[in-house]
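Undergrad: Below is the file model-v7.csv, which contains CSV, C-alpha atoms.
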chain,number,residue,atom,x,y,z
A,1,MET,CA,68.9,172.7,-19.2
A,2,HIS,CA,72.5,173.8,-19.2
A,3,LEU,CA,73.7,170.6,-20.9
A,4,GLN,CA,72.0,171.5,-24.1
A,5,THR,CA,74.2,169.4,-26.3
A,6,GLN,CA,73.1,165.7,-26.7
A,7,ILE,CA,74.4,163.5,-23.9
A,8,PHE,CA,75.7,160.1,-25.0
A,9,ASN,CA,75.5,157.2,-22.5
A,10,ASN,CA,78.5,155.2,-21.5
A,11,GLY,CA,79.6,152.8,-24.1
A,12,MET,CA,78.1,154.6,-27.1
A,13,ASN,CA,81.4,156.3,-28.0
A,14,THR,CA,84.2,153.7,-28.2
A,15,GLU,CA,86.9,155.8,-29.9
A,16,LYS,CA,89.2,158.1,-28.1
A,17,THR,CA,88.2,161.8,-28.1
A,18,ASN,CA,89.4,164.9,-26.3
A,19,GLY,CA,87.1,167.1,-24.3
A,20,ILE,CA,86.6,169.4,-21.3
A,21,ILE,CA,84.8,168.5,-18.1
A,22,ILE,CA,81.9,170.9,-17.6
A,23,LYS,CA,80.3,169.3,-14.6
A,24,ALA,CA,81.1,166.7,-12.0
A,25,VAL,CA,78.4,165.1,-9.8
A,26,GLY,CA,78.8,162.1,-7.5
A,27,GLY,CA,81.6,160.4,-9.4
A,28,LEU,CA,80.0,161.1,-12.8
A,29,TYR,CA,81.7,163.6,-15.2
A,30,PHE,CA,80.0,165.4,-18.1
A,31,VAL,CA,82.6,166.0,-20.8
A,32,LYS,CA,82.0,168.4,-23.7
A,33,THR,CA,83.6,166.9,-26.9
A,34,PRO,CA,83.3,167.7,-30.6
A,35,CYS,CA,80.6,164.9,-30.7
A,36,GLY,CA,78.5,166.4,-27.9
A,37,VAL,CA,78.4,165.9,-24.1
A,38,ILE,CA,79.5,162.5,-22.9
A,39,GLU,CA,78.6,161.2,-19.4
A,40,CYS,CA,81.7,159.5,-18.1
A,41,LYS,CA,83.3,157.8,-15.2
A,42,ALA,CA,87.0,158.1,-14.3
A,43,ARG,CA,89.7,155.4,-14.2
A,44,GLY,CA,90.4,154.1,-10.8
A,45,VAL,CA,94.1,154.8,-11.3
A,46,PHE,CA,93.4,158.5,-10.7
A,47,ARG,CA,92.2,157.7,-7.2
A,48,ASN,CA,95.3,155.7,-6.6
A,49,ARG,CA,97.4,158.7,-7.6
A,50,ASN,CA,95.3,161.0,-5.4
A,51,ILE,CA,94.1,162.9,-8.5
A,52,SER,CA,90.5,164.0,-8.8
A,53,PRO,CA,89.1,165.1,-12.2
A,54,CYS,CA,87.3,168.4,-11.9
A,55,ALA,CA,85.5,171.0,-14.0
A,56,GLY,CA,87.9,172.7,-16.4
A,57,ASP,CA,90.1,169.7,-16.9
A,58,ASN,CA,91.0,168.8,-20.5
A,59,VAL,CA,90.7,165.0,-20.7
A,60,VAL,CA,90.8,162.0,-23.0
A,61,VAL,CA,87.7,159.9,-23.1
A,62,SER,CA,87.3,156.3,-24.4
A,63,ASP,CA,84.2,154.1,-24.1
A,64,GLY,CA,82.6,156.4,-21.6
A,65,VAL,CA,85.7,156.5,-19.4
A,66,ILE,CA,88.1,159.3,-18.7
A,67,THR,CA,91.5,157.6,-19.4
A,68,GLU,CA,93.8,160.6,-19.2
A,69,ILE,CA,93.8,164.1,-17.6
A,70,LEU,CA,96.0,166.4,-19.6
A,71,PRO,CA,98.4,168.7,-17.8
A,72,ARG,CA,96.8,171.6,-15.9
A,73,LYS,CA,98.1,175.1,-16.0
A,74,ASN,CA,96.5,175.8,-12.6
A,75,GLU,CA,93.9,174.5,-10.2
A,76,ILE,CA,92.1,175.6,-7.1
A,77,ILE,CA,91.0,173.0,-4.5
A,78,ARG,CA,87.7,174.4,-3.3
A,79,PRO,CA,85.7,174.8,-5.4
A,80,PRO,CA,87.5,172.2,-7.5
A,81,LEU,CA,88.3,174.0,-10.8
A,82,ALA,CA,91.2,173.7,-13.3
A,83,ASN,CA,92.8,175.7,-16.1
A,84,LEU,CA,91.2,179.1,-15.2
A,85,ASP,CA,92.1,182.1,-17.3
A,86,VAL,CA,90.1,184.7,-15.3
A,87,LEU,CA,88.8,185.0,-11.8
A,88,VAL,CA,86.1,187.6,-11.5
A,89,PHE,CA,85.5,189.0,-8.0
A,90,VAL,CA,82.0,190.4,-7.8
A,91,VAL,CA,81.9,193.1,-5.1
A,92,SER,CA,78.8,195.1,-4.1
A,93,THR,CA,78.9,198.7,-2.8
A,94,CYS,CA,76.6,197.7,0.1
A,95,GLU,CA,74.4,194.9,1.4
A,96,PRO,CA,77.0,193.3,1.9
A,97,SER,CA,79.6,196.0,2.2
A,98,PRO,CA,83.0,195.4,0.6
A,99,ASN,CA,85.6,193.5,2.8
A,100,TYR,CA,88.9,194.7,1.3
A,101,GLU,CA,91.0,192.2,3.2
A,102,ILE,CA,89.1,189.2,1.9
A,103,ILE,CA,89.0,190.5,-1.6
A,104,ASP,CA,92.8,191.1,-1.5
A,105,LYS,CA,93.5,187.6,-0.2
A,106,PHE,CA,91.6,186.0,-3.1
A,107,ILE,CA,93.3,188.4,-5.6
A,108,ALA,CA,96.7,187.3,-4.2
A,109,VAL,CA,95.8,183.7,-4.7
A,110,ALA,CA,94.7,184.4,-8.3
A,111,GLU,CA,98.0,186.2,-8.9
A,112,TYR,CA,99.9,183.3,-7.3
A,113,LYS,CA,98.1,180.8,-9.6
A,114,GLY,CA,98.7,182.8,-12.7
A,115,ILE,CA,94.9,183.6,-13.1
A,116,GLU,CA,93.9,187.1,-14.2
A,117,PRO,CA,92.0,188.9,-11.4
A,118,VAL,CA,89.1,191.2,-12.4
A,119,VAL,CA,87.0,193.2,-9.9
A,120,VAL,CA,83.3,193.8,-10.9
A,121,LEU,CA,81.3,196.3,-8.9
A,122,THR,CA,77.6,195.9,-8.4
A,123,LYS,CA,74.8,197.9,-6.8
A,124,ILE,CA,76.5,201.2,-7.8
A,125,ASP,CA,73.1,202.9,-7.8
A,126,LEU,CA,72.8,202.2,-4.0
A,127,ASP,CA,76.1,203.6,-2.7
A,128,LYS,CA,79.3,205.3,-3.8
A,129,TYR,CA,81.8,203.1,-5.6
A,130,GLU,CA,84.6,205.6,-6.6
A,131,GLU,CA,86.8,204.7,-3.6
A,132,ILE,CA,86.9,201.0,-4.2
A,133,TYR,CA,87.2,201.5,-7.9
A,134,SER,CA,90.3,203.7,-7.4
A,135,VAL,CA,91.9,201.3,-5.0
A,136,TYR,CA,92.0,198.4,-7.5
A,137,GLU,CA,92.6,200.6,-10.5
A,138,LYS,CA,95.6,202.0,-8.8
A,139,ALA,CA,96.8,198.5,-8.0
A,140,GLY,CA,96.8,197.7,-11.8
A,141,ILE,CA,93.8,195.4,-11.6
A,142,LYS,CA,91.0,195.6,-14.1
A,143,VAL,CA,87.8,197.1,-12.5
A,144,ILE,CA,84.4,197.2,-14.2
A,145,ALA,CA,81.4,199.0,-12.6
A,146,ILE,CA,78.1,197.5,-13.7
A,147,ASP,CA,75.2,199.9,-14.3
A,148,TYR,CA,72.1,197.9,-15.1
A,149,THR,CA,70.3,200.9,-16.5
A,150,ARG,CA,72.6,200.8,-19.5
A,151,ALA,CA,71.7,198.4,-22.3
A,152,ASP,CA,75.5,197.6,-22.8
A,153,CYS,CA,76.3,197.4,-19.1
A,154,CYS,CA,78.1,194.0,-19.5
A,155,ALA,CA,79.6,194.5,-22.9
A,156,GLU,CA,83.1,195.1,-21.7
A,157,LEU,CA,83.0,192.1,-19.4
A,158,VAL,CA,81.5,189.8,-22.1
A,159,GLU,CA,84.4,190.7,-24.4
A,160,LEU,CA,86.9,190.1,-21.6
A,161,LEU,CA,85.5,186.6,-21.0
A,162,ARG,CA,85.3,185.6,-24.7
A,163,GLY,CA,87.1,182.3,-25.4
A,164,LYS,CA,88.3,181.9,-21.8
A,165,ILE,CA,87.6,179.7,-18.8
A,166,SER,CA,86.4,182.0,-16.0
A,167,ALA,CA,85.0,181.7,-12.5
A,168,PHE,CA,82.8,184.2,-10.7
A,169,THR,CA,83.1,184.5,-7.0
A,170,GLY,CA,82.4,187.0,-4.2
A,171,ASN,CA,80.7,187.3,-0.9
A,172,SER,CA,77.2,185.8,-0.7
A,173,GLY,CA,74.5,188.4,-1.7
A,174,VAL,CA,76.7,190.5,-4.1
A,175,GLY,CA,74.6,189.5,-7.1
A,176,LYS,CA,76.7,187.0,-8.9
A,177,SER,CA,73.8,185.1,-10.4
A,178,THR,CA,72.1,188.3,-11.5
A,179,LEU,CA,75.3,189.4,-13.2
A,180,LEU,CA,75.7,186.1,-14.9
A,181,ASN,CA,72.1,186.2,-16.2
A,182,HIS,CA,72.8,189.6,-17.7
A,183,ILE,CA,76.0,188.3,-19.4
A,184,ASP,CA,74.1,185.4,-21.0
A,185,GLU,CA,70.3,185.3,-20.5
A,186,THR,CA,70.1,181.7,-21.5
A,187,LEU,CA,71.7,180.7,-18.2
A,188,SER,CA,68.6,181.6,-16.1
A,189,LEU,CA,70.4,181.1,-12.8
A,190,GLU,CA,68.4,181.1,-9.6
A,191,THR,CA,68.7,184.2,-7.5
A,192,ASN,CA,67.7,185.0,-4.0
A,193,ASP,CA,67.1,188.3,-2.1
A,194,ILE,CA,69.4,189.4,0.7
A,195,SER,CA,68.5,187.9,4.0
A,196,GLN,CA,68.0,190.9,6.2
A,197,LYS,CA,68.1,188.7,9.3
A,198,LEU,CA,71.5,187.3,8.5
A,199,GLY,CA,72.8,190.4,6.7
A,200,ARG,CA,74.1,188.3,3.9
A,201,GLY,CA,72.7,186.4,0.9
A,202,ARG,CA,71.4,182.9,0.9
A,203,HIS,CA,73.7,181.4,-1.5
A,204,THR,CA,72.0,179.6,-4.4
A,205,THR,CA,74.9,177.8,-6.1
A,206,ARG,CA,75.2,174.2,-4.9
A,207,GLN,CA,77.7,172.7,-7.3
A,208,VAL,CA,80.4,173.9,-9.7
A,209,GLU,CA,79.4,173.8,-13.3
A,210,LEU,CA,80.9,175.4,-16.4
A,211,PHE,CA,78.4,177.2,-18.5
A,212,GLU,CA,79.2,177.7,-22.2
A,213,LEU,CA,78.8,181.3,-23.4
A,214,GLU,CA,77.1,182.0,-26.6
A,215,GLY,CA,80.1,184.1,-27.7
A,216,GLY,CA,82.6,181.4,-26.7
A,217,GLY,CA,84.3,180.4,-23.5
A,218,TYR,CA,83.0,179.0,-20.2
A,219,ILE,CA,82.1,180.5,-16.9
A,220,ALA,CA,81.6,179.0,-13.5
A,221,ASP,CA,79.5,180.4,-10.7
A,222,THR,CA,81.1,179.4,-7.3
A,223,PRO,CA,80.0,179.6,-3.7
A,224,GLY,CA,80.6,182.9,-1.8
A,225,PHE,CA,83.6,184.0,0.2
A,226,SER,CA,81.9,183.2,3.5
A,227,THR,CA,82.1,179.4,2.8
A,228,PHE,CA,85.8,179.4,2.2
A,229,ASP,CA,89.2,179.5,3.8
A,230,THR,CA,91.6,181.0,1.4
A,231,ASN,CA,94.2,178.3,2.3
A,232,ARG,CA,91.9,175.9,0.6
A,233,TYR,CA,92.7,177.7,-2.6
A,234,ASP,CA,96.4,177.5,-1.9
A,235,ILE,CA,98.9,178.2,0.8
A,236,ILE,CA,101.2,181.1,0.0
A,237,MET,CA,104.5,181.2,2.0
A,238,LYS,CA,105.4,184.5,3.5
A,239,GLU,CA,108.4,185.1,1.1
A,240,ASP,CA,106.1,184.8,-1.9
A,241,ILE,CA,103.3,187.1,-0.8
A,242,ALA,CA,104.8,190.4,-2.0
A,243,SER,CA,105.0,189.1,-5.5
A,244,CYS,CA,101.2,188.6,-5.4
A,245,PHE,CA,100.6,192.3,-5.0
A,246,ARG,CA,101.4,193.8,-8.4
A,247,GLU,CA,101.6,197.4,-7.3
A,248,PHE,CA,104.6,196.4,-5.1
A,249,GLN,CA,106.7,195.3,-8.0
A,250,ASP,CA,108.1,198.7,-8.9
A,251,PHE,CA,109.6,198.9,-5.4
A,252,ILE,CA,110.7,195.3,-4.6
A,253,GLY,CA,114.5,195.1,-4.4
A,254,GLU,CA,114.9,198.8,-3.6
A,255,CYS,CA,114.7,198.4,0.1
A,256,LYS,CA,117.8,198.8,2.4
A,257,PHE,CA,117.6,195.2,3.5
A,258,GLN,CA,117.7,192.5,0.9
A,259,ASN,CA,115.3,190.3,2.8
A,260,CYS,CA,113.0,193.1,3.8
A,261,SER,CA,109.5,191.9,4.8
A,262,HIS,CA,108.0,195.3,4.1
A,263,THR,CA,106.3,195.2,7.5
A,264,VAL,CA,108.5,196.7,10.3
A,265,GLU,CA,111.8,197.5,8.7
A,266,LYS,CA,113.1,201.1,8.5
A,267,GLN,CA,114.1,202.5,5.1
A,268,CYS,CA,111.5,200.2,3.4
A,269,VAL,CA,110.7,201.5,-0.1
A,270,VAL,CA,107.3,199.7,-0.1
A,271,LYS,CA,106.3,201.4,3.2
A,272,ASN,CA,107.4,204.7,1.8
A,273,ALA,CA,105.3,204.2,-1.3
A,274,VAL,CA,102.3,203.6,1.0
A,275,ASP,CA,103.0,206.8,2.9
A,276,GLU,CA,103.2,208.7,-0.4
A,277,GLY,CA,99.9,207.3,-1.6
A,278,LYS,CA,101.5,205.3,-4.4
A,279,ILE,CA,100.2,202.0,-2.9
A,280,PRO,CA,96.6,202.0,-1.4
A,281,LEU,CA,96.7,201.7,2.4
A,282,SER,CA,94.0,199.1,2.4
A,283,ARG,CA,96.0,196.9,0.1
A,284,TYR,CA,99.1,197.3,2.2
A,285,LYS,CA,97.2,196.4,5.4
A,286,SER,CA,95.9,193.2,3.6
A,287,TYR,CA,99.5,192.3,2.7
A,288,VAL,CA,100.7,192.7,6.3
A,289,SER,CA,97.8,190.6,7.6
A,290,MET,CA,98.6,187.9,5.1
A,291,TYR,CA,102.3,188.0,5.9
A,292,GLU,CA,101.7,187.7,9.6
A,293,ASN,CA,99.4,184.8,9.1
A,294,ALA,CA,101.9,183.1,6.8
A,295,LYS,CA,104.6,183.4,9.4
A,296,GLN,CA,102.6,180.8,11.4
A,297,ILE,CA,102.7,178.3,8.5
A,298,LYS,CA,105.3,175.6,8.7
A,299,THR,CA,107.1,174.5,5.6
A,300,TRP,CA,105.8,171.0,5.8
A,301,GLU,CA,102.2,172.3,5.6
A,302,ASN,CA,102.8,173.4,2.0
A,303,LYS,CA,104.0,170.0,0.9
A,304,LYS,CA,101.6,168.0,-1.2
Translate this structure into structure tokens?

TA:
Amino acid sequence: MHLQTQIFNNGMNTEKTNGIIIKAVGGLYFVKTPCGVIECKARGVFRNRNISPCAGDNVVVSDGVITEILPRKNEIIRPPLANLDVLVFVVSTCEPSPNYEIIDKFIAVAEYKGIEPVVVLTKIDLDKYEEIYSVYEKAGIKVIAIDYTRADCCAELVELLRGKISAFTGNSGVGKSTLLNHIDETLSLETNDISQKLGRGRHTTRQVELFELEGGGYIADTPGFSTFDTNRYDIIMKEDIASCFREFQDFIGECKFQNCSHTVEKQCVVKNAVDEGKIPLSRYKSYVSMYENAKQIKTWENKK
């Protein structure tokens, strides 16, 4: 239903054409091209080079075979996605309650990858949302609160996504599929109720697929936070973590010690900014946690 454009079988298009992979299943790749969606296989040479085509890749196709993967501007490993412009973090006010540290870890990875992070708040009718809204707004991150009682509840988000490749992620049960269905009702994504026994949602997304929006652009619904280790997105070494917290940037370089870690040092301008309320305490705690974990990473672990 989602591949609404005509699908051409292998061998029916012998000329080279460019396209974007919108779905990958069991070694088969569905590539959206100006001629329609072509079902393809990939050249064995990619496997030999330890390269795996993935959704979001811009590719060259000839005779039903992907012959070239064009340079990526970014990629995440799990779920496998390439060339993302926006990463939307869907966060509910309750059921499940927000986990600031997990959200901050994923935002840091987005910043590290050069992907624009956006926080979308759901279930605002069930609990207060002003605190979490303030935390991320103060951090300089775009925050959108969704009120489904308003006819234009998703208008701002739709405009933000127009013409871009975006992924939606968040803890299971926050309402990603519901949100996506409001953004584009033609998607008709499956949704499930919260599992009261487990206290979290039964995730309904089983594979990564890019869905084309009526207004232009693509979006991907991805599995929830509970299924991931953020290191699978990328490993960030300790000296790079501060640069992934944009609200730190006005203070970086002003500390007494040039190699200040912003964790235990005296006369640390970043720590002072936290004490003065210029940097949200929850964000700083997430930074310290990430820094301490990164101290355990050996340099060789970051080599590809």

Undergrad: Please report the interatomic distance between CA of Glu101 in chain A and CA of Glu131 in chain A in Å with one decimal.

TA: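 Answer for the CA of Glu101 in chain A to CA of Glu131 in chain A separation: 14.8 Å.
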
Undergrad: Kindly give the distance, in Å, that separates CA of Ile115 in chain A and CA of Asn74 in chain A, rounded to a single decimal.

TA: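 Computing the Euclidean distance for CA of Ile115 in chain A and CA of Asn74 in chain A yields 8.0 Å.
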
Undergrad: Please determine, counting only C-alpha atoms, which residue among A:Val118, A:Leu179, A:Cys260, A:Ile124 has the shortest atom-to-atom distance to Leu160 in chain A.

TA: A:Val118

Undergrad: Which residues are near Gly26 in chain A? Cut-off 12 Å, all atoms listed in the file, ignore same chain within fewer than 5 positions. Put them as a list in words.

TA: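 Those residues are Glu39, Cys40, Lys41, Ala42, Ser52, Pro53, Cys54 and Gln207 of chain A.
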
Undergrad: Between A:His182, A:Lys138, A:Lys128, A:Lys16, which residue has the minimum interatomic distance to Leu157 in chain A, considering all atoms listed in the file?

TA: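 With all atoms listed in the file as the atom set, the closest residue is A:His182.
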
Undergrad: Can you tell me which residues surround Asn293 in chain A at a distance of at most 12 Å, considering only C-alpha atoms, apart from same-chain residues fewer than 2 positions away, and format the answer as number ranges by chain?

TA: A: 105, 230-231, 235-238, 241, 286-291, 295-298

Undergrad: Kindly export the residues of the current selection with C-alpha atoms, as a compact mmCIF listing (two decimals), in the coordinates of the input.

TA:
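Below is the file result02.txt, written as the result:
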# COMPACT_ATOMS: atom_id res chain seq x y z
CA LYS A 105 93.50 187.60 -0.20
CA THR A 230 91.60 181.00 1.40
CA ASN A 231 94.20 178.30 2.30
CA ILE A 235 98.90 178.20 0.80
CA ILE A 236 101.20 181.10 0.00
CA MET A 237 104.50 181.20 2.00
CA LYS A 238 105.40 184.50 3.50
CA ILE A 241 103.30 187.10 -0.80
CA SER A 286 95.90 193.20 3.60
CA TYR A 287 99.50 192.30 2.70
CA VAL A 288 100.70 192.70 6.30
CA SER A 289 97.80 190.60 7.60
CA MET A 290 98.60 187.90 5.10
CA TYR A 291 102.30 188.00 5.90
CA LYS A 295 104.60 183.40 9.40
CA GLN A 296 102.60 180.80 11.40
CA ILE A 297 102.70 178.30 8.50
CA LYS A 298 105.30 175.60 8.70

Undergrad: Provide the CA of Thr93 in chain A to CA of Tyr148 in chain A distance in Å, to one decimal place.

TA: 14.1 Å

Undergrad: So which one's closest to Leu281 in chain A, A:Glu247, A:Leu81, A:Asn181, A:Val86? Using all atoms listed in the file, please.

TA: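 Of all the options, A:Glu247 lies closest to Leu281 in chain A.
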
Undergrad: Between A:Val90, A:Leu126, A:Ala24, A:Ile141, which one has atoms that come closest to Thr178 in chain A, using all atoms listed in the file?

TA: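 For Thr178 in chain A, the nearest of the candidates is A:Val90.
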
Undergrad: From the options A:Glu95, A:Asp125, A:Gly114, A:Ser134, which residue's atoms come nearest to Val174 in chain A, counting all atoms listed in the file?

TA: A:Glu95

Undergrad: Counting all atoms listed in the file, which residues sit no farther than 8 Å from the position (79.8, 183.6, -11.2) in the file's frame? I'd like them as an NGL selection string.

TA: :A and (88 or 90 or 167-169 or 176-177 or 179-180 or 219-222)

Undergrad: Any chance you can output those residues with C-alpha atoms as a PDB file, in the coordinates of the input?

TA:
ATOM      1  CA  VAL A  88      86.100 187.600 -11.500  1.00  0.00           C
ATOM      2  CA  VAL A  90      82.000 190.400  -7.800  1.00  0.00           C
ATOM      3  CA  ALA A 167      85.000 181.700 -12.500  1.00  0.00           C
ATOM      4  CA  PHE A 168      82.800 184.200 -10.700  1.00  0.00           C
ATOM      5  CA  THR A 169      83.100 184.500  -7.000  1.00  0.00           C
ATOM      6  CA  LYS A 176      76.700 187.000  -8.900  1.00  0.00           C
ATOM      7  CA  SER A 177      73.800 185.100 -10.400  1.00  0.00           C
ATOM      8  CA  LEU A 179      75.300 189.400 -13.200  1.00  0.00           C
ATOM      9  CA  LEU A 180      75.700 186.100 -14.900  1.00  0.00           C
ATOM     10  CA  ILE A 219      82.100 180.500 -16.900  1.00  0.00           C
ATOM     11  CA  ALA A 220      81.600 179.000 -13.500  1.00  0.00           C
ATOM     12  CA  ASP A 221      79.500 180.400 -10.700  1.00  0.00           C
ATOM     13  CA  THR A 222      81.100 179.400  -7.300  1.00  0.00           C
TER      14      THR A 222
END

Undergrad: Got a sec to write range 267-282 of chain A of the block to a file, N, CA, C and O atoms, as a tab-separated table (two decimals), in the first residue's frame?

TA:
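What landed in selection-v8.tsv:
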chain	number	residue	atom	x	y	z
A	267	GLN	N	36.35	26.39	38.91
A	267	GLN	CA	36.33	27.52	37.97
A	267	GLN	C	35.95	27.08	36.56
A	267	GLN	O	36.51	27.55	35.58
A	268	CYS	N	34.98	26.17	36.51
A	268	CYS	CA	34.45	25.71	35.21
A	268	CYS	C	33.26	26.59	34.86
A	268	CYS	O	32.28	26.66	35.61
A	269	VAL	N	33.33	27.28	33.73
A	269	VAL	CA	32.28	28.20	33.32
A	269	VAL	C	30.99	27.46	32.99
A	269	VAL	O	29.89	27.97	33.23
A	270	VAL	N	31.11	26.26	32.46
A	270	VAL	CA	29.92	25.47	32.14
A	270	VAL	C	29.18	25.11	33.43
A	270	VAL	O	27.95	25.26	33.52
A	271	LYS	N	29.91	24.65	34.43
A	271	LYS	CA	29.29	24.30	35.72
A	271	LYS	C	28.64	25.54	36.36
A	271	LYS	O	27.56	25.45	36.95
A	272	ASN	N	29.31	26.68	36.23
A	272	ASN	CA	28.74	27.91	36.77
A	272	ASN	C	27.43	28.26	36.06
A	272	ASN	O	26.48	28.74	36.68
A	273	ALA	N	27.40	28.03	34.76
A	273	ALA	CA	26.19	28.31	33.98
A	273	ALA	C	25.03	27.42	34.43
A	273	ALA	O	23.88	27.84	34.43
A	274	VAL	N	25.36	26.20	34.81
A	274	VAL	CA	24.33	25.29	35.34
A	274	VAL	C	23.80	25.83	36.65
A	274	VAL	O	22.58	25.89	36.88
A	275	ASP	N	24.72	26.25	37.54
A	275	ASP	CA	24.33	26.79	38.85
A	275	ASP	C	23.47	28.04	38.70
A	275	ASP	O	22.57	28.30	39.52
A	276	GLU	N	23.72	28.81	37.64
A	276	GLU	CA	22.98	30.05	37.41
A	276	GLU	C	21.69	29.83	36.62
A	276	GLU	O	20.97	30.79	36.34
A	277	GLY	N	21.42	28.58	36.27
A	277	GLY	CA	20.19	28.27	35.55
A	277	GLY	C	20.25	28.54	34.06
A	277	GLY	O	19.22	28.49	33.37
A	278	LYS	N	21.43	28.84	33.53
A	278	LYS	CA	21.56	29.12	32.10
A	278	LYS	C	21.60	27.83	31.28
A	278	LYS	O	21.30	27.84	30.08
A	279	ILE	N	21.99	26.74	31.92
A	279	ILE	CA	21.98	25.41	31.30
A	279	ILE	C	21.10	24.52	32.17
A	279	ILE	O	21.31	24.43	33.39
A	280	PRO	N	20.09	23.85	31.59
A	280	PRO	CA	19.20	22.99	32.39
A	280	PRO	C	19.99	21.90	33.12
A	280	PRO	O	20.87	21.26	32.54
A	281	LEU	N	19.67	21.69	34.39
A	281	LEU	CA	20.38	20.71	35.20
A	281	LEU	C	20.25	19.31	34.61
A	281	LEU	O	21.22	18.54	34.62
A	282	SER	N	19.07	18.96	34.11
A	282	SER	CA	18.88	17.61	33.55
A	282	SER	C	19.80	17.39	32.36
A	282	SER	O	20.35	16.29	32.18
